[in-house]
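Student: Pasting structure.cif here (mmCIF, C-alpha atoms):
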```cif
data_target
loop_
_atom_site.group_PDB
_atom_site.id
_atom_site.type_symbol
_atom_site.label_atom_id
_atom_site.label_comp_id
_atom_site.auth_asym_id
_atom_site.auth_seq_id
_atom_site.Cartn_x
_atom_site.Cartn_y
_atom_site.Cartn_z
ATOM 1 C CA MET A 1 0.111 -11.630 7.254
ATOM 2 C CA PRO A 2 -1.053 -13.671 4.256
ATOM 3 C CA ILE A 3 -3.696 -11.649 2.455
ATOM 4 C CA ASP A 4 -5.741 -14.737 1.593
ATOM 5 C CA ASP A 5 -6.659 -15.118 5.264
ATOM 6 C CA LEU A 6 -8.440 -11.791 5.303
ATOM 7 C CA PRO A 7 -12.211 -11.726 5.683
ATOM 8 C CA GLU A 8 -14.091 -11.517 2.416
ATOM 9 C CA HIS A 9 -16.616 -8.792 1.848
ATOM 10 C CA ASN A 10 -20.199 -10.015 2.081
ATOM 11 C CA PRO A 11 -21.394 -10.429 -1.513
ATOM 12 C CA GLU A 12 -25.124 -10.480 -0.615
ATOM 13 C CA PRO A 13 -27.119 -7.886 -2.553
ATOM 14 C CA THR A 14 -27.815 -4.816 -0.466
ATOM 15 C CA ARG A 15 -30.361 -2.069 -0.870
ATOM 16 C CA ARG A 16 -27.698 -0.011 -2.661
ATOM 17 C CA THR A 17 -26.706 -2.714 -5.105
ATOM 18 C CA PHE A 18 -30.383 -3.340 -5.757
ATOM 19 C CA LEU A 19 -30.979 0.346 -6.435
ATOM 20 C CA VAL A 20 -28.070 0.500 -8.829
ATOM 21 C CA GLY A 21 -29.379 -2.538 -10.664
ATOM 22 C CA ALA A 22 -32.836 -1.041 -10.796
ATOM 23 C CA LEU A 23 -31.468 2.241 -12.126
ATOM 24 C CA SER A 24 -29.626 0.516 -14.957
ATOM 25 C CA ALA A 25 -32.600 -1.692 -15.731
ATOM 26 C CA ALA A 26 -34.931 1.288 -15.846
ATOM 27 C CA GLY A 27 -32.686 2.791 -18.476
ATOM 28 C CA ALA A 28 -31.774 5.743 -16.301
ATOM 29 C CA THR A 29 -29.221 7.984 -17.934
ATOM 30 C CA THR A 30 -25.782 6.466 -17.786
ATOM 31 C CA ALA A 31 -24.506 9.673 -16.237
ATOM 32 C CA ALA A 32 -26.799 9.190 -13.258
ATOM 33 C CA GLY A 33 -25.839 5.524 -13.055
ATOM 34 C CA ALA A 34 -22.168 6.360 -13.114
ATOM 35 C CA MET A 35 -22.574 8.723 -10.183
ATOM 36 C CA VAL A 36 -23.748 5.944 -7.892
ATOM 37 C CA CYS A 37 -20.931 4.335 -6.007
ATOM 38 C CA VAL A 38 -21.578 1.104 -4.199
ATOM 39 C CA LEU A 39 -19.726 1.344 -0.945
ATOM 40 C CA PRO A 40 -19.107 -1.817 1.001
ATOM 41 C CA SER A 41 -21.708 -2.400 3.694
ATOM 42 C CA SER A 42 -20.729 -1.120 7.115
ATOM 43 C CA GLU A 43 -19.836 -4.536 8.532
ATOM 44 C CA ALA A 44 -17.165 -4.975 5.846
ATOM 45 C CA ARG A 45 -15.394 -1.739 6.778
ATOM 46 C CA ALA A 46 -12.421 -1.393 9.032
ATOM 47 C CA THR A 47 -13.233 0.468 12.216
ATOM 48 C CA PRO A 48 -11.045 2.320 14.702
ATOM 49 C CA ALA A 49 -11.462 -0.768 16.919
ATOM 50 C CA ALA A 50 -10.286 -3.061 14.099
ATOM 51 C CA MET A 51 -7.235 -0.846 13.629
ATOM 52 C CA GLN A 52 -6.480 -0.960 17.362
ATOM 53 C CA ALA A 53 -6.817 -4.755 17.321
ATOM 54 C CA LEU A 54 -4.439 -4.958 14.384
ATOM 55 C CA ILE A 55 -1.947 -2.675 16.132
ATOM 56 C CA ARG A 56 -2.118 -4.952 19.198
ATOM 57 C CA LYS A 57 -1.524 -7.983 17.017
ATOM 58 C CA THR A 58 1.474 -6.351 15.338
ATOM 59 C CA VAL A 59 3.049 -4.912 18.452
ATOM 60 C CA GLY A 60 2.294 -7.847 20.753
ATOM 61 C CA GLN A 61 3.451 -7.300 24.325
ATOM 62 C CA ALA A 62 5.766 -4.436 23.400
ATOM 63 C CA GLN A 63 4.955 -0.812 24.067
ATOM 64 C CA LEU A 64 4.021 1.423 21.132
ATOM 65 C CA ARG A 65 5.728 4.776 21.552
ATOM 66 C CA LYS A 66 5.284 8.039 19.666
ATOM 67 C CA GLY A 67 8.352 9.443 17.941
ATOM 68 C CA LYS A 68 11.197 8.500 15.601
ATOM 69 C CA VAL A 69 8.647 7.969 12.815
ATOM 70 C CA THR A 70 7.467 10.763 10.522
ATOM 71 C CA LEU A 71 4.373 10.035 8.458
ATOM 72 C CA ASP A 72 4.123 12.583 5.694
ATOM 73 C CA ILE A 73 0.706 12.666 4.044
ATOM 74 C CA PRO A 74 -1.361 15.668 2.947
ATOM 75 C CA PRO A 75 -3.820 16.694 5.729
ATOM 76 C CA ILE A 76 -6.515 17.483 3.171
ATOM 77 C CA VAL A 77 -6.929 15.262 0.147
ATOM 78 C CA GLU A 78 -9.178 16.141 -2.770
ATOM 79 C CA ASN A 79 -9.204 12.697 -4.305
ATOM 80 C CA GLY A 80 -8.814 9.581 -2.204
ATOM 81 C CA ASN A 81 -7.889 7.393 -5.161
ATOM 82 C CA SER A 82 -4.215 8.258 -5.036
ATOM 83 C CA VAL A 83 -2.687 9.881 -1.994
ATOM 84 C CA SER A 84 1.074 10.135 -1.720
ATOM 85 C CA LEU A 85 2.415 8.823 1.553
ATOM 86 C CA ASP A 86 5.945 9.071 2.840
ATOM 87 C CA VAL A 87 7.315 7.354 5.951
ATOM 88 C CA THR A 88 10.691 8.313 7.396
ATOM 89 C CA VAL A 89 12.180 6.654 10.466
ATOM 90 C CA GLU A 90 15.112 8.057 12.419
ATOM 91 C CA SER A 91 17.638 5.257 12.401
ATOM 92 C CA PRO A 92 21.329 4.893 11.519
ATOM 93 C CA MET A 93 20.395 1.695 9.626
ATOM 94 C CA THR A 94 23.454 -0.225 10.804
ATOM 95 C CA LEU A 95 23.613 -3.940 11.525
ATOM 96 C CA ALA A 96 23.283 -3.209 15.242
ATOM 97 C CA ASN A 97 20.517 -0.633 14.978
ATOM 98 C CA HIS A 98 18.056 -0.689 12.102
ATOM 99 C CA VAL A 99 14.401 -0.687 11.154
ATOM 100 C CA LYS A 100 12.990 -4.137 10.437
ATOM 101 C CA ASN A 101 9.428 -3.362 9.397
ATOM 102 C CA ILE A 102 7.258 -0.399 8.582
ATOM 103 C CA HIS A 103 3.497 -0.963 8.714
ATOM 104 C CA VAL A 104 0.823 1.481 7.623
ATOM 105 C CA PHE A 105 -2.740 0.982 8.874
ATOM 106 C CA ASN A 106 -5.973 2.927 8.443
ATOM 107 C CA GLU A 107 -9.270 2.935 10.287
ATOM 108 C CA LYS A 108 -12.008 3.373 7.679
ATOM 109 C CA ASN A 109 -11.057 1.653 4.421
ATOM 110 C CA PRO A 110 -12.653 -1.764 3.877
ATOM 111 C CA LEU A 111 -9.504 -3.329 5.334
ATOM 112 C CA PRO A 112 -7.299 -1.860 8.077
ATOM 113 C CA TYR A 113 -4.114 -2.882 6.239
ATOM 114 C CA VAL A 114 -2.444 -0.486 3.794
ATOM 115 C CA ILE A 115 1.121 -1.658 3.240
ATOM 116 C CA SER A 116 3.845 -3.494 5.162
ATOM 117 C CA ILE A 117 7.455 -2.904 4.199
ATOM 118 C CA HIS A 118 10.381 -5.030 5.349
ATOM 119 C CA LEU A 119 13.787 -3.361 5.429
ATOM 120 C CA GLY A 120 17.233 -4.167 6.717
ATOM 121 C CA PRO A 121 20.651 -2.574 7.161
ATOM 122 C CA ARG A 122 21.130 -2.747 3.388
ATOM 123 C CA ALA A 123 18.519 -0.013 2.989
ATOM 124 C CA GLY A 124 20.933 2.660 4.225
ATOM 125 C CA ARG A 125 18.088 5.032 4.972
ATOM 126 C CA ALA A 126 14.692 4.174 6.446
ATOM 127 C CA LYS A 127 12.558 6.226 4.098
ATOM 128 C CA VAL A 128 9.850 4.794 1.872
ATOM 129 C CA ALA A 129 7.100 6.321 -0.225
ATOM 130 C CA THR A 130 4.037 5.006 -2.019
ATOM 131 C CA ARG A 131 0.549 6.045 -3.097
ATOM 132 C CA ILE A 132 -2.557 4.819 -1.326
ATOM 133 C CA ARG A 133 -6.354 4.879 -1.456
ATOM 134 C CA LEU A 134 -8.505 6.465 1.224
ATOM 135 C CA ALA A 135 -12.228 5.693 1.397
ATOM 136 C CA ASP A 136 -13.047 8.334 3.994
ATOM 137 C CA THR A 137 -11.762 11.050 6.297
ATOM 138 C CA GLN A 138 -9.751 9.065 8.806
ATOM 139 C CA LYS A 139 -6.642 8.500 10.854
ATOM 140 C CA ILE A 140 -3.607 6.842 9.288
ATOM 141 C CA ILE A 141 -0.906 5.324 11.450
ATOM 142 C CA ALA A 142 2.649 4.302 10.563
ATOM 143 C CA ILE A 143 4.432 1.886 12.889
ATOM 144 C CA ALA A 144 8.135 1.111 12.735
ATOM 145 C CA GLU A 145 9.551 -2.048 14.286
ATOM 146 C CA MET A 146 13.221 -1.762 15.214
ATOM 147 C CA ASN A 147 15.619 -4.692 15.386
ATOM 148 C CA ASP A 148 15.809 -4.259 19.176
ATOM 149 C CA GLY A 149 12.094 -5.071 19.427
ATOM 150 C CA THR A 150 10.805 -1.555 20.111
ATOM 151 C CA PHE A 151 7.899 -0.043 18.210
ATOM 152 C CA TRP A 152 7.520 3.618 17.292
ATOM 153 C CA SER A 153 4.641 5.331 15.566
ATOM 154 C CA ASP A 154 3.200 8.472 14.048
ATOM 155 C CA GLU A 155 -0.389 9.163 13.119
ATOM 156 C CA VAL A 156 -2.066 11.731 10.893
ATOM 157 C CA GLU A 157 -5.731 12.654 10.541
ATOM 158 C CA VAL A 158 -6.510 13.051 6.834
ATOM 159 C CA ILE A 159 -9.591 14.828 5.502
ATOM 160 C CA VAL A 160 -10.793 13.284 2.251
ATOM 161 C CA THR A 161 -13.223 15.282 0.114
ATOM 162 C CA ILE A 162 -13.754 12.711 -2.665
ATOM 163 C CA ALA A 163 -13.373 9.152 -1.449
ATOM 164 C CA ALA A 164 -11.750 6.355 -3.392
ATOM 165 C CA CYS A 165 -14.502 4.240 -4.955
ATOM 166 C CA LEU A 166 -16.352 7.109 -6.646
ATOM 167 C CA GLU A 167 -14.623 6.119 -9.862
ATOM 168 C CA ASP A 168 -16.725 4.254 -12.445
ATOM 169 C CA PRO A 169 -16.384 0.511 -12.442
ATOM 170 C CA VAL A 170 -14.945 -0.681 -15.710
ATOM 171 C CA MET B 171 2.301 -7.584 -20.153
ATOM 172 C CA ALA B 172 2.274 -4.904 -17.571
ATOM 173 C CA ARG B 173 4.623 -2.040 -18.136
ATOM 174 C CA ALA B 174 7.083 -1.313 -15.356
ATOM 175 C CA LEU B 175 9.169 1.796 -14.839
ATOM 176 C CA ILE B 176 12.274 1.567 -12.695
ATOM 177 C CA ASN B 177 14.572 4.362 -11.695
ATOM 178 C CA VAL B 178 17.998 3.307 -10.430
ATOM 179 C CA PRO B 179 21.062 5.553 -10.787
ATOM 180 C CA PRO B 180 23.279 3.923 -13.463
ATOM 181 C CA LYS B 181 26.442 4.855 -11.565
ATOM 182 C CA ALA B 182 27.232 5.335 -7.891
ATOM 183 C CA LYS B 183 30.204 5.556 -5.546
ATOM 184 C CA LYS B 184 30.751 2.641 -3.175
ATOM 185 C CA GLY B 185 28.861 3.273 0.057
ATOM 186 C CA ASP B 186 26.487 5.860 -1.421
ATOM 187 C CA ILE B 187 22.868 5.697 -0.356
ATOM 188 C CA ILE B 188 20.942 5.641 -3.612
ATOM 189 C CA PRO B 189 17.227 6.261 -4.215
ATOM 190 C CA ILE B 190 15.231 3.626 -6.080
ATOM 191 C CA LYS B 191 11.795 4.149 -7.565
ATOM 192 C CA ALA B 192 9.570 1.488 -9.056
ATOM 193 C CA LEU B 193 6.188 1.864 -10.740
ATOM 194 C CA ILE B 194 4.121 -0.798 -12.455
ATOM 195 C CA GLN B 195 0.981 -0.648 -14.542
ATOM 196 C CA HIS B 196 -1.751 -2.495 -12.637
ATOM 197 C CA GLU B 197 -5.392 -1.709 -11.861
ATOM 198 C CA MET B 198 -5.210 -2.957 -8.222
ATOM 199 C CA GLU B 199 -8.901 -3.898 -8.300
ATOM 200 C CA THR B 200 -9.921 -3.924 -4.645
ATOM 201 C CA GLY B 201 -12.622 -6.603 -4.712
ATOM 202 C CA TYR B 202 -14.949 -4.190 -2.907
ATOM 203 C CA ARG B 203 -16.525 -2.577 -5.948
ATOM 204 C CA HIS B 204 -19.637 -3.657 -7.796
ATOM 205 C CA ASP B 205 -20.604 -3.196 -11.403
ATOM 206 C CA PHE B 206 -23.868 -1.543 -12.484
ATOM 207 C CA VAL B 207 -25.933 -4.671 -11.988
ATOM 208 C CA GLY B 208 -24.622 -5.150 -8.466
ATOM 209 C CA LYS B 209 -22.199 -7.958 -9.247
ATOM 210 C CA GLN B 210 -19.016 -7.847 -7.218
ATOM 211 C CA ILE B 211 -15.872 -7.171 -9.236
ATOM 212 C CA PRO B 212 -13.348 -9.823 -8.134
ATOM 213 C CA ARG B 213 -10.162 -8.751 -6.410
ATOM 214 C CA ASN B 214 -7.118 -8.458 -8.620
ATOM 215 C CA ILE B 215 -4.151 -6.918 -6.843
ATOM 216 C CA ILE B 216 -0.390 -7.165 -6.586
ATOM 217 C CA SER B 217 0.259 -8.517 -3.109
ATOM 218 C CA LEU B 218 4.044 -8.751 -2.984
ATOM 219 C CA PHE B 219 6.905 -6.620 -4.245
ATOM 220 C CA THR B 220 10.542 -7.553 -3.708
ATOM 221 C CA CYS B 221 13.858 -6.030 -4.668
ATOM 222 C CA LYS B 222 17.059 -8.080 -4.796
ATOM 223 C CA TYR B 223 20.563 -6.659 -5.172
ATOM 224 C CA ASN B 224 22.823 -9.284 -6.737
ATOM 225 C CA GLY B 225 20.510 -11.986 -5.466
ATOM 226 C CA GLN B 226 20.206 -10.671 -1.919
ATOM 227 C CA GLU B 227 16.856 -9.300 -0.840
ATOM 228 C CA ILE B 228 17.128 -5.660 0.231
ATOM 229 C CA MET B 229 13.478 -4.734 0.455
ATOM 230 C CA ARG B 230 10.108 -6.471 0.457
ATOM 231 C CA ALA B 231 6.623 -4.982 0.600
ATOM 232 C CA GLU B 232 3.237 -6.594 1.188
ATOM 233 C CA LEU B 233 0.576 -4.676 -0.679
ATOM 234 C CA PHE B 234 -3.127 -4.546 0.153
ATOM 235 C CA PRO B 235 -6.127 -3.220 -1.788
ATOM 236 C CA ALA B 236 -5.528 0.188 -0.160
ATOM 237 C CA VAL B 237 -2.499 0.725 -2.407
ATOM 238 C CA ALA B 238 -3.473 2.959 -5.325
ATOM 239 C CA ALA B 239 -3.703 1.684 -8.891
ATOM 240 C CA ASN B 240 -0.351 1.508 -10.710
ATOM 241 C CA PRO B 241 1.595 0.887 -7.484
ATOM 242 C CA PHE B 242 4.535 3.194 -6.932
ATOM 243 C CA ILE B 243 7.159 2.437 -4.319
ATOM 244 C CA SER B 244 10.312 4.357 -3.573
ATOM 245 C CA PHE B 245 13.051 3.405 -1.121
ATOM 246 C CA PHE B 246 16.811 3.544 -0.612
ATOM 247 C CA THR B 247 19.718 1.170 -0.644
ATOM 248 C CA VAL B 248 23.482 1.280 -0.159
ATOM 249 C CA ALA B 249 25.518 0.904 -3.353
ATOM 250 C CA THR B 250 27.819 -1.955 -2.374
ATOM 251 C CA GLU B 251 29.022 -3.438 -5.655
ATOM 252 C CA SER B 252 28.358 -3.371 -9.385
ATOM 253 C CA GLY B 253 25.658 -5.699 -10.521
ATOM 254 C CA THR B 254 21.952 -6.141 -11.050
ATOM 255 C CA LEU B 255 18.892 -5.125 -9.131
ATOM 256 C CA GLU B 256 15.961 -7.445 -9.650
ATOM 257 C CA PHE B 257 12.414 -6.235 -9.038
ATOM 258 C CA THR B 258 9.530 -8.695 -8.783
ATOM 259 C CA TRP B 259 5.820 -7.982 -8.481
ATOM 260 C CA SER B 260 3.440 -10.875 -7.847
ATOM 261 C CA GLY B 261 -0.233 -11.159 -7.051
ATOM 262 C CA ASP B 262 -3.680 -12.412 -7.975
ATOM 263 C CA ASN B 263 -4.448 -14.364 -11.147
ATOM 264 C CA GLY B 264 -0.867 -15.570 -11.400
ATOM 265 C CA PHE B 265 0.515 -12.071 -11.865
ATOM 266 C CA ASP B 266 4.309 -12.271 -11.810
ATOM 267 C CA VAL B 267 6.551 -9.688 -13.431
ATOM 268 C CA THR B 268 10.309 -9.349 -13.013
ATOM 269 C CA GLU B 269 12.385 -6.431 -14.245
ATOM 270 C CA THR B 270 16.076 -5.770 -13.791
ATOM 271 C CA ALA B 271 18.329 -2.726 -13.718
ATOM 272 C CA LYS B 272 22.127 -2.549 -13.909
ATOM 273 C CA ILE B 273 24.263 -0.446 -11.627
ATOM 274 C CA THR B 274 27.975 0.342 -11.822
ATOM 275 C CA VAL B 275 29.655 1.041 -8.484
ATOM 276 C CA GLU B 276 33.053 2.704 -8.488
#
```
Let me see the structure of the file written as structure tokens.
Tutor:
Amino acid sequence: MPIDDLPEHNPEPTRRTFLVGALSAAGATTAAGAMVCVLPSSEARATPAAMQALIRKTVGQAQLRKGKVTLDIPPIVENGNSVSLDVTVESPMTLANHVKNIHVFNEKNPLPYVISIHLGPRAGRAKVATRIRLADTQKIIAIAEMNDGTFWSDEVEVIVTIAACLEDPV
Amino acid sequence: MARALINVPPKAKKGDIIPIKALIQHEMETGYRHDFVGKQIPRNIISLFTCKYNGQEIMRAELFPAVAANPFISFFTVATESGTLEFTWSGDNGFDVTETAKITVE
């Protein structure tokens, strides 16, 4: 999936961006200004439907089954700016039986994509970890594509108390 | 130049499954934030990470704005032979950084 094909966020000024501009112009205290976070407008956000569409696109005609995949992510996150995420897939990782791809999707960040990892028998063990951003309390799904064409998944509902994006712009 | 930290065991037995960790300094600007006057901050992310073991690709990751700043990725590989692991990060604004690590396999 080339990232340049993804829809761009609408850059039109919104009521929020206007308010932020007005606040700065009015010489409001910088502390108050810094507290305002400009979230993308609702039409630029991924939705559960967008995630389902993306899953369909990834899986194609195959059936998506639960199991084999373990998505390890904290169920409650204090700060959505950096959330550790760990995906483990049960697989012997041999030439005849291995994991080809691991995709992670979300339903409420601006984009439904999180990360896509391509592995092969050289990996030895199908276990990857990274750190991600979460803009809201939402469901995260990890999908593993095996070399035999089957898809397995695991999903976790994560509660986020401070969303990514509350940080000050630089 | 962005600083990269790579953790590869310097020595391993042939056939061992070894952990690899890679971290790079990068803001991963999402392109969805605005500055105080409402101007959109342009996207600046790393979109591709690859790891090659003696020239052969063993792992590749496509990154999206949802990956946290200073992207960290850990994974495993089988120690097959002595040689070099080559890590490449590439992305927006011509970002392209390659780091290498040596491994001795007995």
Student: Compare A:Ser82, A:Thr150, A:Asn101, A:Thr88 by their minimum atom-to-atom distance to chain B, counting all atoms listed in the file, and give me the closest one.
Tutor: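 Using all atoms listed in the file, chain B sits closest to A:Ser82.
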Student: Can you list what the PyMOL selection byres ((chain A) within 6 of (chain B)) grabs from this structure, as a PyMOL selection string?
Tutor: chain A and resi 17+20-21+82+114-119+122-125+127-133+169
Student: Care to translate the PyMOL selection byres ((chain A and resi 75) around 6) into actual residues of this file, as an mmCIF file with C-alpha atoms, in the frame of the given file?
Tutor:
```
data_model
loop_
_atom_site.group_PDB
_atom_site.id
_atom_site.type_symbol
_atom_site.label_atom_id
_atom_site.label_comp_id
_atom_site.auth_asym_id
_atom_site.auth_seq_id
_atom_site.Cartn_x
_atom_site.Cartn_y
_atom_site.Cartn_z
ATOM 1 C CA PRO A 74 -1.361 15.668 2.947
ATOM 2 C CA ILE A 76 -6.515 17.483 3.171
ATOM 3 C CA VAL A 158 -6.510 13.051 6.834
#
```
Student: With a distance cut-off of 10 Å and all atoms listed in the file, select the neighbouring residues of Gly149 (chain A), excluding the residue or stretch itself and same-chain residues fewer than 4 positions from it, and output the selection as JSON, numbers by chain.
Tutor: {"A": [59, 62, 63, 99, 100, 144, 145]}
Student: Please produce a file of the residues just selected, as a PDB file, keeping the file's coordinate frame, where the atoms kept are C-alpha atoms.
Tutor:
```pdb
ATOM      1  CA  VAL A  59       3.049  -4.912  18.452  1.00  0.00           C
ATOM      2  CA  ALA A  62       5.766  -4.436  23.400  1.00  0.00           C
ATOM      3  CA  GLN A  63       4.955  -0.812  24.067  1.00  0.00           C
ATOM      4  CA  VAL A  99      14.401  -0.687  11.154  1.00  0.00           C
ATOM      5  CA  LYS A 100      12.990  -4.137  10.437  1.00  0.00           C
ATOM      6  CA  ALA A 144       8.135   1.111  12.735  1.00  0.00           C
ATOM      7  CA  GLU A 145       9.551  -2.048  14.286  1.00  0.00           C
TER       8      GLU A 145
END
```
Student: List the neighbours of Gly261 (chain B) out to 9 Å using all atoms listed in the file; skip same-chain residues closer than 2 positions along the sequence, and give me the result as a list of chain:residue names.
Tutor: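 Residues near the query, excluding close chain neighbours: B:Asn214, B:Ile215, B:Ile216, B:Ser217, B:Leu218, B:Phe219, B:Trp259, B:Asn263, B:Gly264, B:Phe265, B:Asp266.
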Student: What's the separation between CA of Lys57 (chain A) and CA of Asn97 (chain A), in Å to one decimal place?
Tutor: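 CA of Lys57 (chain A) sits 23.3 Å away from CA of Asn97 (chain A).
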Student: Which value, in Å to one decimal, gives the distance between CA of Gly67 (chain A) and CA of Ile141 (chain A)?
Tutor: 12.0 Å
Student: CA of Ala135 (chain A) to CA of Ala164 (chain A): how many Å, to one decimal?
Tutor: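 Between CA of Ala135 (chain A) and CA of Ala164 (chain A) the gap works out to 4.9 Å.
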Student: Identify the residues within 6 Å of coordinate (1.2, 9.7, -0.7) (same frame as the file), considering all atoms listed in the file, and give the answer as a PyMOL selection string.
Tutor: chain A and resi 73+83-86+130-131
Student: Would you output that residue set with C-alpha atoms, as a short mmCIF file (atom, residue, chain, number, x, y, z; two decimals), in the coordinates of the input?
Tutor:
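Output saved as out.cif:
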```cif
data_model
loop_
_atom_site.label_atom_id
_atom_site.label_comp_id
_atom_site.auth_asym_id
_atom_site.auth_seq_id
_atom_site.Cartn_x
_atom_site.Cartn_y
_atom_site.Cartn_z
CA ILE A 73 0.71 12.67 4.04
CA VAL A 83 -2.69 9.88 -1.99
CA SER A 84 1.07 10.14 -1.72
CA LEU A 85 2.42 8.82 1.55
CA ASP A 86 5.94 9.07 2.84
CA THR A 130 4.04 5.01 -2.02
CA ARG A 131 0.55 6.04 -3.10
#
```
Student: If the PyMOL selection byres ((chain A and resi 152) around 9) were run on this exact file, what residues would it hold? Put them as a ChimeraX atom specification.
Tutor: /A:63-69,89,142-146,150-151,153-154
Student: Give me the residues within 8 Å of Glu157 (chain A) as a list in words, counting all atoms listed in the file and dropping any in the same chain fewer than 6 places off.
Tutor: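 The residues satisfying every condition are Pro75, Thr137, Gln138, Lys139 and Ile140 of chain A.
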